[in-house]
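Printed here is model10.pdb (PDB, C-alpha atoms):
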```pdb
ATOM      1  CA  MET A  37     137.192   5.116  58.471  1.00  0.00           C
ATOM      2  CA  SER A  38     138.342   2.870  55.626  1.00  0.00           C
ATOM      3  CA  ALA A  39     139.826   4.176  52.392  1.00  0.00           C
ATOM      4  CA  GLN A  40     136.705   3.005  50.581  1.00  0.00           C
ATOM      5  CA  THR A  41     134.336   5.164  52.587  1.00  0.00           C
ATOM      6  CA  ALA A  42     136.459   8.226  53.295  1.00  0.00           C
ATOM      7  CA  ALA A  43     134.924  11.252  51.595  1.00  0.00           C
ATOM      8  CA  THR A  44     137.164  13.662  49.745  1.00  0.00           C
ATOM      9  CA  PRO A  45     135.953  16.861  48.082  1.00  0.00           C
ATOM     10  CA  GLU A  46     138.597  16.532  45.346  1.00  0.00           C
ATOM     11  CA  LEU A  47     137.025  13.292  44.147  1.00  0.00           C
ATOM     12  CA  GLY A  48     133.419  14.372  44.387  1.00  0.00           C
ATOM     13  CA  GLY A  49     132.978  12.885  47.850  1.00  0.00           C
ATOM     14  CA  PHE A  50     134.272   9.379  47.083  1.00  0.00           C
ATOM     15  CA  ARG A  51     137.634   7.705  47.417  1.00  0.00           C
ATOM     16  CA  LEU A  52     138.290   4.269  46.000  1.00  0.00           C
ATOM     17  CA  GLY A  53     140.304   1.765  47.980  1.00  0.00           C
ATOM     18  CA  SER A  54     143.246  -0.119  46.563  1.00  0.00           C
ATOM     19  CA  GLY A  55     142.107  -2.790  44.105  1.00  0.00           C
ATOM     20  CA  ASP A  56     138.658  -1.293  43.520  1.00  0.00           C
ATOM     21  CA  VAL A  57     139.288  -0.458  39.881  1.00  0.00           C
ATOM     22  CA  GLY A  58     140.835  -2.749  37.306  1.00  0.00           C
ATOM     23  CA  SER A  59     141.954  -5.476  39.673  1.00  0.00           C
ATOM     24  CA  VAL A  60     141.273  -9.059  38.602  1.00  0.00           C
ATOM     25  CA  GLY A  61     140.061  -9.888  42.092  1.00  0.00           C
ATOM     26  CA  THR A  62     137.578  -7.015  42.243  1.00  0.00           C
ATOM     27  CA  ARG A  63     134.027  -8.295  42.512  1.00  0.00           C
ATOM     28  CA  SER A  64     131.288  -6.694  40.463  1.00  0.00           C
ATOM     29  CA  ARG A  65     129.145  -4.244  42.387  1.00  0.00           C
ATOM     30  CA  GLU A  66     126.153  -5.273  40.286  1.00  0.00           C
ATOM     31  CA  GLY A  67     123.863  -7.889  41.738  1.00  0.00           C
ATOM     32  CA  LEU A  68     122.644 -10.809  39.676  1.00  0.00           C
ATOM     33  CA  GLY A  69     119.427 -10.064  37.846  1.00  0.00           C
ATOM     34  CA  ARG A  70     119.449  -6.434  38.919  1.00  0.00           C
ATOM     35  CA  ARG A  71     117.381  -4.192  36.683  1.00  0.00           C
ATOM     36  CA  LEU A  72     118.493  -0.767  35.505  1.00  0.00           C
ATOM     37  CA  PRO A  73     117.228   1.648  38.141  1.00  0.00           C
ATOM     38  CA  GLU A  74     115.591   4.842  37.036  1.00  0.00           C
ATOM     39  CA  SER A  75     117.992   6.439  34.580  1.00  0.00           C
ATOM     40  CA  ARG A  76     119.105   9.702  36.055  1.00  0.00           C
ATOM     41  CA  PHE A  77     121.815  10.362  33.491  1.00  0.00           C
ATOM     42  CA  GLU A  78     121.455  10.248  29.739  1.00  0.00           C
ATOM     43  CA  ALA A  79     123.127  11.392  26.553  1.00  0.00           C
ATOM     44  CA  GLU A  80     121.816  11.548  23.014  1.00  0.00           C
ATOM     45  CA  ILE A  81     124.205  11.943  20.117  1.00  0.00           C
ATOM     46  CA  ARG A  82     123.054  12.570  16.560  1.00  0.00           C
ATOM     47  CA  PHE A  83     125.337  11.570  13.730  1.00  0.00           C
ATOM     48  CA  HIS A  84     124.554  13.319  10.441  1.00  0.00           C
ATOM     49  CA  LEU A  85     125.725  10.820   7.835  1.00  0.00           C
ATOM     50  CA  PRO A  86     124.865   9.655   4.341  1.00  0.00           C
ATOM     51  CA  ARG A  87     122.163   6.967   4.508  1.00  0.00           C
ATOM     52  CA  ASP A  88     124.455   4.126   3.358  1.00  0.00           C
ATOM     53  CA  GLU A  89     127.077   4.963   6.012  1.00  0.00           C
ATOM     54  CA  ALA A  90     124.395   5.215   8.684  1.00  0.00           C
ATOM     55  CA  LYS A  91     123.040   1.757   7.761  1.00  0.00           C
ATOM     56  CA  ILE A  92     126.507   0.185   7.899  1.00  0.00           C
ATOM     57  CA  LEU A  93     127.245   1.885  11.203  1.00  0.00           C
ATOM     58  CA  TYR A  94     123.896   0.791  12.645  1.00  0.00           C
ATOM     59  CA  SER A  95     124.322  -2.846  11.615  1.00  0.00           C
ATOM     60  CA  SER A  96     127.876  -2.855  12.982  1.00  0.00           C
ATOM     61  CA  ILE A  97     127.032  -1.352  16.372  1.00  0.00           C
ATOM     62  CA  ILE A  98     123.608  -2.803  17.150  1.00  0.00           C
ATOM     63  CA  PRO A  99     125.001  -6.155  18.424  1.00  0.00           C
ATOM     64  CA  GLU A 100     127.039  -4.221  21.003  1.00  0.00           C
ATOM     65  CA  ALA A 101     124.015  -2.138  21.990  1.00  0.00           C
ATOM     66  CA  LYS A 102     121.899  -5.257  22.522  1.00  0.00           C
ATOM     67  CA  ASP A 103     124.526  -7.010  24.656  1.00  0.00           C
ATOM     68  CA  ILE A 104     125.648  -4.381  27.169  1.00  0.00           C
ATOM     69  CA  PRO A 105     127.623  -6.078  29.969  1.00  0.00           C
ATOM     70  CA  SER A 106     126.527  -3.524  32.572  1.00  0.00           C
ATOM     71  CA  LYS A 107     123.102  -3.562  34.158  1.00  0.00           C
ATOM     72  CA  ARG A 108     123.600   0.114  35.027  1.00  0.00           C
ATOM     73  CA  THR A 109     123.390   1.208  31.386  1.00  0.00           C
ATOM     74  CA  SER A 110     120.994   0.906  28.468  1.00  0.00           C
ATOM     75  CA  VAL A 111     121.741   1.848  24.873  1.00  0.00           C
ATOM     76  CA  SER A 112     119.390   2.393  21.959  1.00  0.00           C
ATOM     77  CA  MET A 113     120.028   3.393  18.377  1.00  0.00           C
ATOM     78  CA  THR A 114     117.722   4.574  15.626  1.00  0.00           C
ATOM     79  CA  LEU A 115     118.267   5.228  11.950  1.00  0.00           C
ATOM     80  CA  THR A 116     116.984   8.602  10.831  1.00  0.00           C
ATOM     81  CA  GLU A 117     116.590  10.283   7.455  1.00  0.00           C
ATOM     82  CA  ASP A 118     119.827  12.187   7.977  1.00  0.00           C
ATOM     83  CA  GLY A 119     121.900   9.650   9.919  1.00  0.00           C
ATOM     84  CA  LEU A 120     121.833   7.849  13.225  1.00  0.00           C
ATOM     85  CA  ASN A 121     120.825   8.647  16.808  1.00  0.00           C
ATOM     86  CA  LEU A 122     122.579   7.052  19.770  1.00  0.00           C
ATOM     87  CA  MET A 123     120.847   7.239  23.170  1.00  0.00           C
ATOM     88  CA  ILE A 124     122.622   6.104  26.321  1.00  0.00           C
ATOM     89  CA  LYS A 125     120.887   6.025  29.701  1.00  0.00           C
ATOM     90  CA  ALA A 126     122.643   5.209  32.947  1.00  0.00           C
ATOM     91  CA  SER A 127     121.975   5.044  36.641  1.00  0.00           C
ATOM     92  CA  ASP A 128     125.170   6.967  37.472  1.00  0.00           C
ATOM     93  CA  PRO A 129     127.644   9.293  35.733  1.00  0.00           C
ATOM     94  CA  VAL A 130     130.504   6.762  35.796  1.00  0.00           C
ATOM     95  CA  ALA A 131     128.429   4.215  33.868  1.00  0.00           C
ATOM     96  CA  LEU A 132     127.327   6.915  31.403  1.00  0.00           C
ATOM     97  CA  ARG A 133     130.915   8.014  30.771  1.00  0.00           C
ATOM     98  CA  ALA A 134     132.114   4.438  30.302  1.00  0.00           C
ATOM     99  CA  ALA A 135     129.348   3.638  27.808  1.00  0.00           C
ATOM    100  CA  LEU A 136     129.911   6.902  25.922  1.00  0.00           C
ATOM    101  CA  ASN A 137     133.645   6.221  25.658  1.00  0.00           C
ATOM    102  CA  SER A 138     133.073   2.671  24.428  1.00  0.00           C
ATOM    103  CA  PHE A 139     130.434   3.502  21.846  1.00  0.00           C
ATOM    104  CA  LEU A 140     132.210   6.594  20.542  1.00  0.00           C
ATOM    105  CA  ARG A 141     135.370   4.513  20.077  1.00  0.00           C
ATOM    106  CA  PHE A 142     133.381   1.816  18.235  1.00  0.00           C
ATOM    107  CA  ILE A 143     131.772   4.412  15.996  1.00  0.00           C
ATOM    108  CA  ASP A 144     135.027   6.250  15.307  1.00  0.00           C
ATOM    109  CA  SER A 145     136.757   2.999  14.405  1.00  0.00           C
ATOM    110  CA  ILE A 146     133.991   1.950  12.020  1.00  0.00           C
ATOM    111  CA  LEU A 147     133.814   5.352  10.311  1.00  0.00           C
ATOM    112  CA  GLU A 148     137.610   5.497   9.948  1.00  0.00           C
ATOM    113  CA  THR A 149     137.558   2.034   8.370  1.00  0.00           C
ATOM    114  CA  LEU A 150     134.754   3.011   5.980  1.00  0.00           C
ATOM    115  CA  HIS A 151     136.589   6.148   4.887  1.00  0.00           C
ATOM    116  CA  GLU A 152     139.862   4.258   4.441  1.00  0.00           C
ATOM    117  CA  LEU A 153     138.146   1.588   2.340  1.00  0.00           C
ATOM    118  CA  ASP A 154     136.416   4.280   0.288  1.00  0.00           C
ATOM    119  CA  SER A 155     139.734   5.989  -0.459  1.00  0.00           C
ATOM    120  CA  LEU A 156     141.304   2.649  -1.475  1.00  0.00           C
ATOM    121  CA  VAL A 157     138.422   1.881  -3.830  1.00  0.00           C
ATOM    122  CA  ARG A 158     138.671   5.329  -5.427  1.00  0.00           C
ATOM    123  CA  LYS A 159     142.407   4.835  -6.096  1.00  0.00           C
ATOM    124  CA  HIS A 160     141.776   1.682  -8.125  1.00  0.00           C
TER     125      HIS A 160
END
```

Could you spell out this file's structure in structure tokens?
Amino acid sequence: MSAQTAATPELGGFRLGSGDVGSVGTRSREGLGRRLPESRFEAEIRFHLPRDEAKILYSSIIPEAKDIPSKRTSVSMTLTEDGLNLMIKASDPVALRAALNSFLRFIDSILETLHELDSLVRKH
């Protein structure tokens, strides 16, 4: 049995072979033109923010949400009266985790920048 197909309980039944993750030569497992299969995994995060911050955050993140490189994930965002909703759907938990990590980092970075700029403006 190859390292790629050997099941291990410690890793949830899967073991990756050498070069499967992060290697330049690793081929994508996603076929061309493949549609997102039925989303079995999803996460919704609600950000309670002032309306002006929510609008800036939305306009900053929406280009990323529209141009997801993975066909295993879909992302939608909506402005609400009290902030912003982020919905991520994925065909598998690995894709969901990766999208969550990416979008939460984007959002954290944007909010940190907004707060830093706000504090600089208040000083002057």

Hey, what comes out of the PyMOL selection byres ((chain A and resi 123-134) around 7) on this file? Could you write it as a JSON list (two decimals) with C-alpha atoms, in the frame of the given file?
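Dumped to selection_29.json:
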```json
[["chain", "number", "residue", "atom", "x", "y", "z"],
["A", 72, "LEU", "CA", 118.49, -0.77, 35.51],
["A", 73, "PRO", "CA", 117.23, 1.65, 38.14],
["A", 74, "GLU", "CA", 115.59, 4.84, 37.04],
["A", 75, "SER", "CA", 117.99, 6.44, 34.58],
["A", 76, "ARG", "CA", 119.10, 9.70, 36.06],
["A", 77, "PHE", "CA", 121.82, 10.36, 33.49],
["A", 78, "GLU", "CA", 121.46, 10.25, 29.74],
["A", 79, "ALA", "CA", 123.13, 11.39, 26.55],
["A", 80, "GLU", "CA", 121.82, 11.55, 23.01],
["A", 81, "ILE", "CA", 124.20, 11.94, 20.12],
["A", 108, "ARG", "CA", 123.60, 0.11, 35.03],
["A", 109, "THR", "CA", 123.39, 1.21, 31.39],
["A", 110, "SER", "CA", 120.99, 0.91, 28.47],
["A", 111, "VAL", "CA", 121.74, 1.85, 24.87],
["A", 112, "SER", "CA", 119.39, 2.39, 21.96],
["A", 113, "MET", "CA", 120.03, 3.39, 18.38],
["A", 121, "ASN", "CA", 120.82, 8.65, 16.81],
["A", 122, "LEU", "CA", 122.58, 7.05, 19.77],
["A", 135, "ALA", "CA", 129.35, 3.64, 27.81],
["A", 136, "LEU", "CA", 129.91, 6.90, 25.92],
["A", 137, "ASN", "CA", 133.65, 6.22, 25.66],
["A", 138, "SER", "CA", 133.07, 2.67, 24.43]]
```

Could you write out as lines of an AutoDock Vina configuration file the box around segment 98-117 of chain A (axis-aligned, all atoms listed in the file, 3 Å on each side), with centre and edge lengths in Å to one decimal?
```
center_x = 122.1
center_y = 1.6
center_z = 21.2
size_x = 17.0
size_y = 23.3
size_z = 33.6
```

Inset, instruction - Name all residues at most 8 Å from Ile146 of chain A (count only C-alpha atoms; drop same-chain ones fewer than 4 positions away) and give them as a list in words. - result: Leu93, Ser96, Phe142 and Leu150 of chain A

*Residues in the PyMOL selection byres ((chain A and resi 87) around 8), expressed as a list in words*: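 That expression, the PyMOL selection byres ((chain A and resi 87) around 8), corresponds here to Leu85, Pro86, Asp88, Glu89, Ala90, Lys91, Glu117, Asp118 and Gly119 of chain A.
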
Record the distance separating atom CA of Thr114 of chain A and atom CA of Tyr94 of chain A, expressed in Å with one decimal.
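Computing the Euclidean distance for atom CA of Thr114 of chain A and atom CA of Tyr94 of chain A yields 7.8 Å.
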
- Could you please determine the separation between atom CA of Ile143 of chain A and atom CA of Ile97 of chain A in Å, to one decimal place?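 Between atom CA of Ile143 of chain A and atom CA of Ile97 of chain A the gap is 7.5 Å.
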
From the set A:Phe139, A:Leu147, A:Phe83, A:Lys159, which residue has the shortest atom-to-atom contact distance to Ala101 of chain A, counting only C-alpha atoms?
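Once distances to Ala101 of chain A are computed over only C-alpha atoms, the minimum belongs to A:Phe139.
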
Can you measure atom CA of Arg82 of chain A to atom CA of Glu100 of chain A for me? One decimal in Å is fine.
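That distance, rounded to one decimal, is 17.8 Å.
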
Regenerate segment 96-130 of chain A at the level of N, CA and C atoms and dump it as a CSV table (one decimal), in the frame of the given file.
```csv
chain,number,residue,atom,x,y,z
A,96,SER,N,126.6,-2.5,12.3
A,96,SER,CA,127.9,-2.9,13.0
A,96,SER,C,127.8,-2.7,14.5
A,97,ILE,N,127.1,-1.7,14.9
A,97,ILE,CA,127.0,-1.4,16.4
A,97,ILE,C,125.9,-2.0,17.1
A,98,ILE,N,124.8,-2.3,16.4
A,98,ILE,CA,123.6,-2.8,17.2
A,98,ILE,C,123.9,-4.1,18.0
A,99,PRO,N,124.7,-5.0,17.5
A,99,PRO,CA,125.0,-6.2,18.4
A,99,PRO,C,125.6,-5.7,19.8
A,100,GLU,N,126.5,-4.7,19.8
A,100,GLU,CA,127.0,-4.2,21.0
A,100,GLU,C,126.0,-3.6,21.9
A,101,ALA,N,125.1,-2.8,21.2
A,101,ALA,CA,124.0,-2.1,22.0
A,101,ALA,C,123.0,-3.1,22.6
A,102,LYS,N,122.8,-4.3,22.0
A,102,LYS,CA,121.9,-5.3,22.5
A,102,LYS,C,122.5,-6.1,23.6
A,103,ASP,N,123.8,-6.1,23.7
A,103,ASP,CA,124.5,-7.0,24.7
A,103,ASP,C,125.4,-6.2,25.6
A,104,ILE,N,124.9,-5.2,26.2
A,104,ILE,CA,125.6,-4.4,27.2
A,104,ILE,C,126.0,-5.2,28.4
A,105,PRO,N,127.3,-5.3,28.8
A,105,PRO,CA,127.6,-6.1,30.0
A,105,PRO,C,127.2,-5.5,31.3
A,106,SER,N,126.9,-4.2,31.3
A,106,SER,CA,126.5,-3.5,32.6
A,106,SER,C,125.0,-3.4,32.7
A,107,LYS,N,124.5,-3.7,33.9
A,107,LYS,CA,123.1,-3.6,34.2
A,107,LYS,C,122.8,-2.1,34.6
A,108,ARG,N,123.8,-1.3,34.7
A,108,ARG,CA,123.6,0.1,35.0
A,108,ARG,C,123.4,1.0,33.8
A,109,THR,N,123.4,0.4,32.6
A,109,THR,CA,123.4,1.2,31.4
A,109,THR,C,122.5,0.6,30.4
A,110,SER,N,121.8,1.4,29.6
A,110,SER,CA,121.0,0.9,28.5
A,110,SER,C,121.3,1.8,27.3
A,111,VAL,N,121.4,1.2,26.1
A,111,VAL,CA,121.7,1.8,24.9
A,111,VAL,C,120.7,1.6,23.8
A,112,SER,N,120.3,2.6,23.1
A,112,SER,CA,119.4,2.4,22.0
A,112,SER,C,119.9,3.2,20.8
A,113,MET,N,119.6,2.7,19.6
A,113,MET,CA,120.0,3.4,18.4
A,113,MET,C,118.9,3.4,17.4
A,114,THR,N,118.8,4.5,16.7
A,114,THR,CA,117.7,4.6,15.6
A,114,THR,C,118.3,5.2,14.4
A,115,LEU,N,117.9,4.6,13.2
A,115,LEU,CA,118.3,5.2,12.0
A,115,LEU,C,117.3,6.4,11.7
A,116,THR,N,117.8,7.5,11.2
A,116,THR,CA,117.0,8.6,10.8
A,116,THR,C,117.2,8.9,9.4
A,117,GLU,N,116.4,9.9,8.9
A,117,GLU,CA,116.6,10.3,7.5
A,117,GLU,C,118.0,10.9,7.2
A,118,ASP,N,118.5,11.5,8.2
A,118,ASP,CA,119.8,12.2,8.0
A,118,ASP,C,121.0,11.5,8.8
A,119,GLY,N,120.8,10.3,9.2
A,119,GLY,CA,121.9,9.6,9.9
A,119,GLY,C,121.5,8.6,11.0
A,120,LEU,N,122.0,8.8,12.2
A,120,LEU,CA,121.8,7.8,13.2
A,120,LEU,C,121.8,8.6,14.6
A,121,ASN,N,120.9,8.1,15.4
A,121,ASN,CA,120.8,8.6,16.8
A,121,ASN,C,121.3,7.6,17.8
A,122,LEU,N,122.1,7.9,18.7
A,122,LEU,CA,122.6,7.1,19.8
A,122,LEU,C,122.1,7.6,21.1
A,123,MET,N,121.4,6.8,21.9
A,123,MET,CA,120.8,7.2,23.2
A,123,MET,C,121.4,6.3,24.2
A,124,ILE,N,122.1,6.9,25.2
A,124,ILE,CA,122.6,6.1,26.3
A,124,ILE,C,122.0,6.6,27.6
A,125,LYS,N,121.5,5.7,28.4
A,125,LYS,CA,120.9,6.0,29.7
A,125,LYS,C,121.6,5.2,30.7
A,126,ALA,N,121.9,5.9,31.9
A,126,ALA,CA,122.6,5.2,32.9
A,126,ALA,C,122.1,5.6,34.3
A,127,SER,N,122.4,4.8,35.3
A,127,SER,CA,122.0,5.0,36.6
A,127,SER,C,123.0,6.0,37.4
A,128,ASP,N,124.2,6.1,36.8
A,128,ASP,CA,125.2,7.0,37.5
A,128,ASP,C,126.1,7.5,36.4
A,129,PRO,N,126.8,8.6,36.7
A,129,PRO,CA,127.6,9.3,35.7
A,129,PRO,C,128.8,8.5,35.3
A,130,VAL,N,129.4,7.6,36.2
A,130,VAL,CA,130.5,6.8,35.8
A,130,VAL,C,130.1,5.8,34.7
```
